[in-house]
Structure formats: structure tokens, C-alpha cells
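File shown here: target-v3.txt, holding compact mmCIF, C-alpha atoms and all ligand atoms.
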```
# COMPACT_ATOMS: atom_id res chain seq x y z
CA MET P 188 -37.79 -111.19 -76.76
CA LYS P 189 -35.18 -112.00 -79.36
CA SER P 190 -31.73 -110.88 -78.34
CA TYR P 191 -28.55 -110.47 -80.42
CA LYS P 192 -24.97 -110.04 -79.33
CA ILE P 193 -22.82 -107.61 -81.28
CA THR P 194 -19.12 -107.01 -80.86
CA LEU P 195 -18.54 -103.38 -81.65
CA LEU P 196 -15.10 -102.38 -82.97
CA PRO P 197 -14.91 -98.56 -83.18
CA GLY P 198 -11.25 -98.60 -84.20
CA ASP P 199 -9.46 -95.41 -85.22
CA GLY P 200 -9.91 -91.99 -86.79
CA ILE P 201 -13.56 -91.24 -87.48
CA GLY P 202 -14.43 -94.76 -86.23
CA PRO P 203 -15.56 -93.77 -82.73
CA GLU P 204 -17.75 -90.90 -84.05
CA ILE P 205 -19.66 -92.99 -86.56
CA THR P 206 -19.90 -95.84 -84.04
CA LYS P 207 -21.59 -93.56 -81.51
CA VAL P 208 -24.27 -92.62 -84.03
CA THR P 209 -24.73 -96.22 -85.18
CA HIS P 210 -25.05 -97.53 -81.62
CA LYS P 211 -27.75 -95.00 -80.81
CA ILE P 212 -29.68 -95.69 -84.01
CA LEU P 213 -29.54 -99.47 -83.54
CA ASP P 214 -30.92 -99.02 -80.02
CA LEU P 215 -33.87 -97.10 -81.44
CA VAL P 216 -34.48 -99.54 -84.30
CA SER P 217 -34.37 -102.60 -82.03
CA ARG P 218 -36.79 -101.01 -79.57
CA LYS P 219 -39.18 -100.19 -82.38
CA PHE P 220 -39.12 -103.69 -83.83
CA GLY P 221 -39.21 -105.56 -80.54
CA PHE P 222 -35.80 -107.17 -80.28
CA GLU P 223 -32.81 -106.56 -78.08
CA ILE P 224 -29.19 -105.90 -79.04
CA LYS P 225 -26.39 -106.35 -76.53
CA PHE P 226 -23.26 -104.44 -77.48
CA LYS P 227 -19.74 -105.09 -76.32
CA GLU P 228 -17.03 -102.67 -77.38
CA MET P 229 -13.57 -104.10 -77.90
CA PRO P 230 -10.19 -102.63 -78.86
CA PHE P 231 -9.10 -103.12 -82.47
CA GLY P 232 -6.62 -101.48 -84.86
CA GLY P 233 -4.54 -98.51 -83.77
CA SER P 234 -6.57 -98.08 -80.60
CA ALA P 235 -5.67 -101.67 -79.64
CA ILE P 236 -2.00 -100.95 -80.31
CA ALA P 237 -2.36 -98.16 -77.77
CA SER P 238 -4.16 -100.30 -75.16
CA ASP P 239 -2.80 -103.82 -75.74
CA GLY P 240 0.34 -103.31 -77.81
CA ILE P 241 -1.06 -105.25 -80.80
CA PRO P 242 -3.77 -104.43 -83.38
CA PHE P 243 -5.92 -107.54 -82.82
CA PRO P 244 -5.71 -108.77 -79.23
CA ASP P 245 -6.84 -112.29 -78.41
CA ARG P 246 -9.56 -110.97 -76.09
CA THR P 247 -11.06 -109.15 -79.06
CA LEU P 248 -10.95 -112.30 -81.20
CA GLN P 249 -12.64 -114.36 -78.47
CA GLU P 250 -15.39 -111.78 -78.07
CA CYS P 251 -15.96 -111.69 -81.86
CA LYS P 252 -16.21 -115.48 -81.99
CA ASN P 253 -18.80 -115.43 -79.23
CA SER P 254 -21.09 -112.92 -80.87
CA ASP P 255 -23.87 -113.08 -83.44
CA ALA P 256 -22.22 -110.38 -85.56
CA VAL P 257 -19.30 -107.99 -85.53
CA LEU P 258 -19.80 -104.34 -86.40
CA LEU P 259 -16.58 -102.60 -87.35
CA ALA P 260 -16.15 -98.88 -88.01
CA ALA P 261 -12.68 -98.21 -89.47
CA ILE P 262 -9.04 -98.70 -88.66
CA GLY P 263 -5.74 -97.08 -89.58
CA ASP P 264 -3.70 -94.24 -88.21
CA PRO P 265 -0.68 -92.60 -89.88
CA LYS P 266 0.91 -92.63 -86.41
CA TYR P 267 1.52 -96.36 -86.87
CA ASP P 268 2.76 -96.32 -90.47
CA GLU P 269 6.34 -96.82 -89.35
CA LEU P 270 5.64 -99.94 -87.28
CA PRO P 271 6.75 -103.34 -88.58
CA ARG P 272 4.03 -104.94 -90.74
CA GLU P 273 2.85 -107.42 -88.12
CA LYS P 274 2.06 -104.60 -85.71
CA ARG P 275 0.20 -102.30 -88.08
CA PRO P 276 -3.58 -101.76 -87.77
CA GLU P 277 -4.18 -103.17 -91.30
CA THR P 278 -2.57 -106.45 -90.25
CA GLY P 279 -5.14 -106.63 -87.46
CA LEU P 280 -7.89 -106.35 -90.05
CA LEU P 281 -6.39 -109.11 -92.19
CA ASN P 282 -6.07 -111.31 -89.11
CA LEU P 283 -9.69 -110.67 -88.20
CA ARG P 284 -10.73 -111.74 -91.71
CA SER P 285 -8.67 -114.91 -91.67
CA SER P 286 -9.42 -115.88 -88.04
CA LEU P 287 -13.15 -115.76 -88.71
CA ASN P 288 -12.70 -117.29 -92.19
CA LEU P 289 -14.57 -114.40 -93.82
CA PHE P 290 -13.93 -115.45 -97.39
CA ALA P 291 -16.90 -113.65 -98.94
CA ASN P 292 -16.89 -109.89 -99.03
CA ILE P 293 -20.12 -108.40 -100.35
CA ARG P 294 -20.04 -104.74 -101.40
CA PRO P 295 -23.30 -103.45 -102.85
CA VAL P 296 -23.22 -100.24 -104.87
CA LYS P 297 -26.66 -98.78 -105.36
CA ILE P 298 -27.36 -95.24 -106.41
CA ILE P 299 -29.59 -93.26 -104.10
CA PRO P 300 -31.70 -91.12 -106.47
CA SER P 301 -31.31 -87.91 -104.46
CA LEU P 302 -27.53 -88.27 -104.67
CA THR P 303 -26.94 -88.66 -108.42
CA LYS P 304 -25.61 -85.10 -108.52
CA ALA P 305 -22.94 -85.90 -105.95
CA SER P 306 -21.26 -88.39 -108.29
CA SER P 307 -18.22 -87.25 -110.22
CA LEU P 308 -19.76 -88.93 -113.29
CA LYS P 309 -22.65 -87.49 -115.28
CA GLU P 310 -26.06 -88.23 -113.79
CA ASP P 311 -27.22 -90.23 -116.83
CA PHE P 312 -24.39 -92.71 -116.46
CA VAL P 313 -24.93 -93.48 -112.80
CA LYS P 314 -28.65 -93.20 -112.27
CA ASP P 315 -29.37 -96.90 -112.95
CA VAL P 316 -26.36 -98.37 -111.18
CA ASP P 317 -27.25 -101.29 -108.93
CA LEU P 318 -24.36 -103.71 -108.64
CA VAL P 319 -22.61 -105.85 -106.05
CA VAL P 320 -18.92 -106.58 -105.86
CA VAL P 321 -18.28 -110.09 -104.53
CA ARG P 322 -14.66 -110.04 -103.45
CA GLU P 323 -12.74 -113.09 -102.25
CA LEU P 324 -11.30 -111.96 -98.92
CA THR P 325 -9.08 -114.56 -97.28
CA SER P 326 -6.70 -115.66 -100.02
CA GLY P 327 -5.06 -114.32 -103.17
CA ILE P 328 -2.07 -112.04 -103.04
CA TYR P 329 -3.07 -110.64 -99.63
CA PHE P 330 -2.27 -113.95 -97.94
CA GLY P 331 -0.21 -115.90 -100.47
CA GLU P 332 3.09 -117.53 -99.46
CA PRO P 333 5.96 -117.13 -100.02
CA LYS P 334 6.19 -113.45 -99.36
CA GLY P 335 8.76 -111.18 -97.88
CA ARG P 336 11.87 -109.15 -98.46
CA ILE P 337 15.39 -110.43 -98.86
CA LYS P 338 18.68 -108.67 -99.18
CA THR P 339 20.73 -109.92 -102.13
CA GLU P 340 24.11 -108.92 -103.47
CA LYS P 341 22.35 -106.86 -106.12
CA GLY P 342 20.18 -105.09 -103.60
CA GLU P 343 16.93 -105.84 -101.86
CA ARG P 344 14.16 -107.94 -103.41
CA ALA P 345 10.53 -108.02 -102.25
CA PHE P 346 7.81 -110.43 -103.33
CA ASN P 347 4.25 -111.60 -102.77
CA THR P 348 2.40 -114.56 -104.23
CA MET P 349 -0.96 -114.46 -105.92
CA THR P 350 -2.48 -117.85 -105.31
CA TYR P 351 -5.89 -119.50 -105.51
CA THR P 352 -6.90 -123.12 -105.18
CA SER P 353 -9.80 -124.58 -107.15
CA LYS P 354 -11.70 -124.96 -103.91
CA GLU P 355 -11.27 -121.32 -102.94
CA ILE P 356 -12.43 -120.14 -106.36
CA LYS P 357 -15.44 -122.45 -106.36
CA ARG P 358 -16.74 -121.38 -102.97
CA ILE P 359 -16.64 -117.66 -103.76
CA ALA P 360 -18.09 -118.26 -107.23
CA GLU P 361 -21.00 -120.12 -105.62
CA ILE P 362 -21.70 -117.04 -103.48
CA ALA P 363 -21.74 -114.80 -106.57
CA PHE P 364 -24.06 -117.06 -108.56
CA LYS P 365 -26.46 -117.47 -105.63
CA LEU P 366 -26.59 -113.72 -105.23
CA ALA P 367 -27.17 -113.18 -108.96
CA LYS P 368 -30.11 -115.57 -108.74
CA GLN P 369 -31.84 -113.23 -106.29
CA ARG P 370 -30.93 -110.21 -108.41
CA ASN P 371 -30.62 -109.63 -112.16
CA GLN P 372 -29.20 -113.03 -113.20
CA LYS P 373 -25.80 -111.79 -114.33
CA VAL P 374 -22.27 -112.54 -113.10
CA CYS P 375 -19.23 -110.80 -114.53
CA SER P 376 -16.06 -112.52 -113.39
CA VAL P 377 -13.02 -110.23 -113.37
CA ASP P 378 -9.49 -111.60 -113.76
CA LYS P 379 -6.25 -111.10 -115.65
CA ALA P 380 -6.29 -114.41 -117.51
CA ASN P 381 -4.38 -112.95 -120.46
CA VAL P 382 -1.30 -112.74 -118.25
CA LEU P 383 -1.67 -114.65 -114.96
CA ASP P 384 -1.82 -118.42 -114.41
CA VAL P 385 -3.80 -117.89 -111.25
CA SER P 386 -6.43 -116.05 -113.31
CA GLN P 387 -6.53 -118.86 -115.86
CA LEU P 388 -7.57 -121.26 -113.11
CA TRP P 389 -10.00 -118.65 -111.78
CA ARG P 390 -11.71 -118.49 -115.18
CA GLU P 391 -11.86 -122.28 -115.66
CA GLU P 392 -13.36 -122.90 -112.23
CA THR P 393 -15.89 -120.09 -112.63
CA ILE P 394 -17.09 -121.62 -115.89
CA LEU P 395 -17.44 -125.01 -114.18
CA VAL P 396 -19.54 -123.51 -111.39
CA SER P 397 -21.71 -121.69 -113.94
CA ASP P 398 -22.79 -125.04 -115.40
CA LYS P 399 -24.98 -125.47 -112.32
CA TYR P 400 -26.64 -122.10 -112.85
CA LYS P 401 -28.09 -122.28 -116.34
CA ASP P 402 -30.27 -119.19 -115.89
CA ILE P 403 -27.36 -116.96 -114.93
CA GLU P 404 -25.40 -115.23 -117.67
CA LEU P 405 -21.65 -115.47 -117.00
CA THR P 406 -19.27 -113.03 -118.68
CA HIS P 407 -15.56 -112.40 -118.14
CA GLN P 408 -13.58 -109.17 -118.15
CA TYR P 409 -9.92 -108.47 -117.67
CA VAL P 410 -9.40 -106.26 -114.67
CA ASP P 411 -8.04 -103.30 -116.63
CA ASN P 412 -11.08 -103.36 -118.89
CA ALA P 413 -13.42 -103.80 -115.90
CA ALA P 414 -11.96 -100.67 -114.31
CA MET P 415 -12.68 -98.79 -117.52
CA GLN P 416 -16.18 -100.26 -117.90
CA LEU P 417 -17.04 -99.19 -114.36
CA VAL P 418 -16.63 -95.56 -115.30
CA ARG P 419 -17.73 -95.93 -118.94
CA ASN P 420 -20.97 -97.85 -118.53
CA PRO P 421 -21.46 -98.98 -114.92
CA SER P 422 -25.10 -99.99 -115.30
CA GLN P 423 -24.06 -103.02 -117.38
CA PHE P 424 -23.06 -104.80 -114.15
CA ASP P 425 -25.12 -106.89 -111.78
CA VAL P 426 -22.76 -109.11 -109.76
CA ILE P 427 -19.01 -108.63 -110.16
CA LEU P 428 -17.06 -111.67 -108.98
CA THR P 429 -13.36 -111.20 -108.36
CA GLY P 430 -10.31 -111.94 -106.21
CA ASN P 431 -8.93 -110.14 -103.22
CA LEU P 432 -6.69 -107.49 -104.80
CA PHE P 433 -8.81 -106.75 -107.87
CA GLY P 434 -11.87 -106.54 -105.63
CA ASP P 435 -10.14 -104.06 -103.35
CA ILE P 436 -9.38 -101.75 -106.26
CA LEU P 437 -12.63 -102.14 -108.17
CA SER P 438 -14.78 -101.58 -105.10
CA ASP P 439 -13.16 -98.18 -104.50
CA ILE P 440 -13.85 -97.20 -108.11
CA ALA P 441 -17.42 -98.47 -107.84
CA ALA P 442 -17.86 -96.54 -104.62
CA MET P 443 -17.28 -93.24 -106.34
CA LEU P 444 -20.25 -93.87 -108.62
CA THR P 445 -22.46 -93.16 -105.63
CA GLY P 446 -20.86 -89.80 -105.01
CA SER P 447 -18.90 -90.71 -101.93
CA ILE P 448 -17.12 -93.69 -100.49
CA GLY P 449 -18.82 -92.51 -97.28
CA MET P 450 -21.98 -94.23 -98.51
CA LEU P 451 -20.83 -97.79 -99.09
CA PRO P 452 -21.55 -100.66 -96.70
CA SER P 453 -20.09 -104.15 -96.77
CA ALA P 454 -20.53 -107.58 -95.28
CA SER P 455 -17.78 -110.14 -94.84
CA LEU P 456 -19.23 -113.58 -94.43
CA THR P 457 -18.33 -117.18 -93.79
CA THR P 458 -20.34 -120.39 -94.09
CA ASN P 459 -20.77 -120.94 -90.39
CA GLY P 460 -20.06 -118.22 -87.85
CA PRO P 461 -20.42 -114.50 -87.24
CA GLY P 462 -19.96 -112.06 -90.11
CA VAL P 463 -18.24 -108.70 -89.96
CA PHE P 464 -20.20 -105.69 -91.17
CA GLU P 465 -18.18 -102.60 -91.97
CA PRO P 466 -18.14 -99.50 -94.15
CA VAL P 467 -15.89 -99.70 -97.22
CA HIS P 468 -14.21 -96.41 -96.31
CA GLY P 469 -11.21 -96.02 -94.07
CA SER P 470 -10.56 -94.11 -90.86
CA ALA P 471 -10.14 -90.68 -92.57
CA PRO P 472 -7.62 -89.33 -90.03
CA ASP P 473 -7.70 -85.89 -91.71
CA ILE P 474 -11.25 -85.24 -90.50
CA ALA P 475 -11.22 -87.32 -87.31
CA GLY P 476 -12.64 -85.63 -84.23
CA LYS P 477 -14.07 -82.73 -86.23
CA ASP P 478 -17.66 -84.01 -86.41
CA LYS P 479 -17.45 -84.04 -90.21
CA ALA P 480 -17.65 -87.77 -90.89
CA ASN P 481 -20.47 -89.37 -92.83
CA PRO P 482 -22.02 -92.12 -90.65
CA ILE P 483 -24.21 -93.50 -93.46
CA ALA P 484 -21.88 -96.28 -94.68
CA MET P 485 -21.74 -97.70 -91.16
CA LEU P 486 -25.50 -97.31 -90.75
CA LEU P 487 -26.08 -99.10 -94.04
CA SER P 488 -23.63 -101.79 -92.92
CA SER P 489 -25.75 -102.28 -89.82
CA ALA P 490 -28.82 -102.56 -92.05
CA MET P 491 -27.00 -105.36 -93.91
CA MET P 492 -26.29 -106.94 -90.54
CA LEU P 493 -29.95 -106.77 -89.50
CA LYS P 494 -30.93 -108.45 -92.74
CA ILE P 495 -28.19 -111.04 -93.25
CA ALA P 496 -27.14 -111.95 -89.71
CA PHE P 497 -30.41 -111.51 -87.80
CA ASN P 498 -33.03 -111.89 -90.51
CA GLU P 499 -34.67 -108.68 -89.22
CA THR P 500 -35.57 -107.60 -92.75
CA GLN P 501 -38.32 -105.19 -91.79
CA ALA P 502 -36.10 -103.32 -89.38
CA ALA P 503 -33.35 -103.12 -91.99
CA THR P 504 -35.66 -101.75 -94.66
CA TYR P 505 -37.09 -99.27 -92.21
CA LEU P 506 -33.61 -97.97 -91.40
CA GLU P 507 -32.64 -97.75 -95.09
CA ASN P 508 -35.83 -95.84 -95.88
CA ALA P 509 -35.24 -93.40 -93.03
CA ILE P 510 -31.73 -92.69 -94.39
CA ASN P 511 -33.17 -92.11 -97.88
CA GLU P 512 -35.72 -89.69 -96.47
CA ILE P 513 -33.11 -87.58 -94.71
CA LEU P 514 -31.10 -87.38 -97.93
CA THR P 515 -34.19 -86.53 -99.98
CA GLU P 516 -34.90 -83.71 -97.53
CA GLY P 517 -31.51 -82.32 -98.54
CA TYR P 518 -29.32 -83.01 -95.52
CA ARG P 519 -25.72 -83.87 -96.41
CA THR P 520 -22.42 -84.42 -94.68
CA SER P 521 -19.60 -82.44 -96.28
CA ASP P 522 -18.44 -85.32 -98.52
CA LEU P 523 -21.84 -85.27 -100.28
CA MET P 524 -22.31 -81.56 -100.80
CA SER P 525 -23.03 -80.75 -104.44
CA ASN P 526 -25.03 -77.55 -104.60
CA GLN P 527 -26.72 -74.86 -102.54
CA THR P 528 -30.09 -76.55 -102.31
CA THR P 529 -28.63 -79.01 -99.83
CA GLN P 530 -27.93 -78.35 -96.18
CA GLN P 531 -24.63 -79.37 -94.66
CA VAL P 532 -24.72 -81.18 -91.33
CA GLY P 533 -22.11 -82.86 -89.15
CA CYS P 534 -21.89 -86.50 -88.12
CA SER P 535 -23.75 -86.09 -84.83
CA GLN P 536 -26.51 -83.97 -86.36
CA MET P 537 -27.00 -86.55 -89.08
CA GLY P 538 -27.53 -89.03 -86.23
CA GLU P 539 -30.01 -86.75 -84.48
CA LEU P 540 -32.04 -86.19 -87.65
CA LEU P 541 -32.22 -89.92 -88.18
CA ALA P 542 -33.13 -90.56 -84.54
CA GLU P 543 -36.10 -88.17 -84.91
CA LYS P 544 -37.34 -90.22 -87.88
CA LEU P 545 -37.07 -93.49 -85.99
CA LYS P 546 -38.92 -92.45 -82.83
C1 LIG P 601 -10.57 -102.56 -97.62
C2 LIG P 601 -9.29 -101.90 -97.16
C3 LIG P 601 -8.34 -102.96 -96.62
C4 LIG P 601 -8.03 -103.91 -97.75
C5 LIG P 601 -7.06 -102.43 -95.99
C6 LIG P 601 -7.33 -101.40 -94.92
C7 LIG P 601 -6.21 -103.54 -95.45
O1 LIG P 601 -8.72 -101.14 -98.17
O2 LIG P 601 -11.25 -103.19 -96.81
O3 LIG P 601 -10.91 -102.42 -98.80
O4 LIG P 601 -7.10 -103.66 -98.54
O5 LIG P 601 -8.71 -104.92 -97.86
MN MN P 602 -9.92 -101.09 -99.99
```
Can you give me the file's structure in the form of C-alpha cells?
Ligand code: IPM
Ligand code: MN
Amino acid sequence: MKSYKITLLPGDGIGPEITKVTHKILDLVSRKFGFEIKFKEMPFGGSAIASDGIPFPDRTLQECKNSDAVLLAAIGDPKYDELPREKRPETGLLNLRSSLNLFANIRPVKIIPSLTKASSLKEDFVKDVDLVVVRELTSGIYFGEPKGRIKTEKGERAFNTMTYTSKEIKRIAEIAFKLAKQRNQKVCSVDKANVLDVSQLWREETILVSDKYKDIELTHQYVDNAAMQLVRNPSQFDVILTGNLFGDILSDIAAMLTGSIGMLPSASLTTNGPGVFEPVHGSAPDIAGKDKANPIAMLLSSAMMLKIAFNETQAATYLENAINEILTEGYRTSDLMSNQTTQQVGCSQMGELLAEKLK
């Protein structure tokens, strides 16, 4: 029997609740499709600060490196907002990304037909949305040097550096073009080339890469315009290629097209080594422990994992279809409630309904 090793990082806030559901569902799916998944839970984020004193302990890194895939729920806890930057949960996440060299962050945004009413945009605008944000994840302003804060005679000064090398731009552009080839043959590269030197290089390198992909249409948008286009006419997009910071912002905007950020999965990938699969949403401390969280983004992230990391495409599709069915039947977590014809359920009940479908 095929067997896969997953490092499970439940993290903080609603993380443990949605992890519990996901673990149970993956057990059922693997049994049904005749493979085995071995899970190992490790501390990460705020919960690791509590247990190990740091957000990303070395034992967690080693375990991640030794697995076939990493499944992460969410991190972040206002309790740790006052800690110095290197000790905060978010720094743990950035370290995880750079230690595993996860330069390619893939965030698909696809409308689920039964949910068009949950979007804050009019149904007609969102019903055909099917796009993917390809976000560079291990460079740009998130990691650029120099950075820091210095005290000067005139007061304090703080700075970060937005930097990309040709090589970094080329390798993420390649990912976007390859993806567009399997999809609708369009790449829209988003930058701020009217102002930033780093974006000028971004644009030049993207055009060079596009020479190899004659069938793919490459367009460029400035990031401010792209933000507007995402809410004005989102179905124009197929693959959006962009850097770390712009991708962070645009993927949150794109998420809302689906009605809730609680629906969006992601994959963070490298050329050779385990990927990290995680929902786009955060740890939602305001609803943590209240059984209100939406587990679907994490479940869809595990479907991405089944497909991309394990090549278990059938199992992934089966899981995605089961989720669609539950939503079509009208079951919703509170973030997705739009009208009275739907029935509100909690996180654990959502898991139970799904488990029934998968038996
Ligand atoms: C994301 C998150 C992270 C990011 C934070 C938690 C560091 O917002 O994955 O989009 O900014 O990349
Ligand atoms: Mn973000």
C-alpha cells in the first residue's frame, strides 16, 4: 500500500479545530482510495512559543524536511503581538517558507456556484471567476536586506528593501506560464513598474520568459489597477503572476470574490522537496474555540496536497466534490451565511456531514 508522511502544524486560534476535522477526513479519504497517511503533529507559531519558547523550533523544521508534505492550519495570536519581531508567530511562518525554499505560492480562486450569493459583489460579476494567484514567496520586500530601525538625531527611521534578482523573477514566471498552459493560456503580471526599479526588472524578465511560451498571452498591470480590476471585472483573469507583497494583498482581495476567505486553499512549493499546504486565512482568534470556524479552506488545501504532492488526483476530486455537495445542500458555516434557505452549522458538524458523504 502506498504510504505518505504528513507533518501536521495545527498552530493557533482556530487552527486546532480545523485540523481535527481535516485529519479525520483525510483518514476517511485515504481508506477509501487505498493509501495510507501517517500524521505527525508538531508545534508551530504561538503554540510553539508556549511549548518551546520560539515560533519555529528546529525539531519542527527537521520533521517537515523529512515528510512528503506539510499541512498547516493557521498561526498568529494577539497575545504575542508585543514580542520582538524574531519571536513572533509570523516570523516562524516566514522562516518555514525560506527554510524549505517555498518560492512558489499558488492560490486558486474559483467560485463555487452555490456560493455566488455569499460574495459581497453582485452575482453576475463573480459567477465566472476562475483564477490563480502565483505569488513569489521567499524574496521581495518580505526578506530584502537591508532592513531595520535606527535612531537618528531627527528621530527614528525604519526601512525595508524590495529586491528581486533576475533569477528569482524567472523561476516564478516559469511556474506561472506552465500553469497557464494547463489552464486558459493567459498570464497577467502585476507590478509597479511606473515607479519602482525592482518592478522594471520584473517586467523585463517576465517578457523574456514569455518568449518561450508563444501560445500564452502575457499582459501587465500596475498593482493599483489590478486591485481595481479584481473587483471591477474579475473574470478577465486566468493566472496572476506577482511578487511577495503585492501577492499578499491581491490574494486577500481575490478571496472575497468567493464570499469568504474561509474558502481559499493554497500551496507553497519548491522545485525539490516537500510543499506546504495551508488555507489563505489566518487564525481568527475572535472565534477560536467556539466551533464557528470554516474548515473548508484547509480541506481544499489538503485536496491540493493530494493532487500536487501525492498525485492522488481521484481522491482529491472526490473530496472536492463532496464539499460541493454539502454546500449545494445548503449547509454553511457562519462566515458563508447569506439567506434563510441555508442552514448554519459549526466546524465540527461540517466535518461530520462531510464524513457521512465519504463513508
Ligand atoms: C499570508 C499571511 C502571511 C503573509 C502573514 C501571516 C505573515 O498574510 O500567508 O498571506 O503576509 O504572507
Ligand atoms: Mn496574507
Surrounding residues of segment 228-244 of chain P excluding itself and chain neighbours under 6 positions, 9 Å, only C-alpha atoms, as an MDAnalysis selection string: chainID P and resid 193:200 250:251 259 261:264 266:267 273:280 282:283
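Among the candidate residues P:Asp255, P:Glu204, P:Asp245, P:Asp522, the one lying nearest to Asn459 of chain P is P:Asp255, with distances computed using only C-alpha atoms.
If all atoms listed in the file are the atoms counted, then among P:Tyr191, P:Ala442, P:Ile224, P:Val463 the closest residue to Ser285 of chain P is P:Val463.
Take atom CA of Phe222 of chain P and atom CA of Ala454 of chain P: the distance between them is 21.4 Å.
With atom CA of Glu465 of chain P on one side and atom CA of Ser489 of chain P on the other, the separation reads 7.9 Å.
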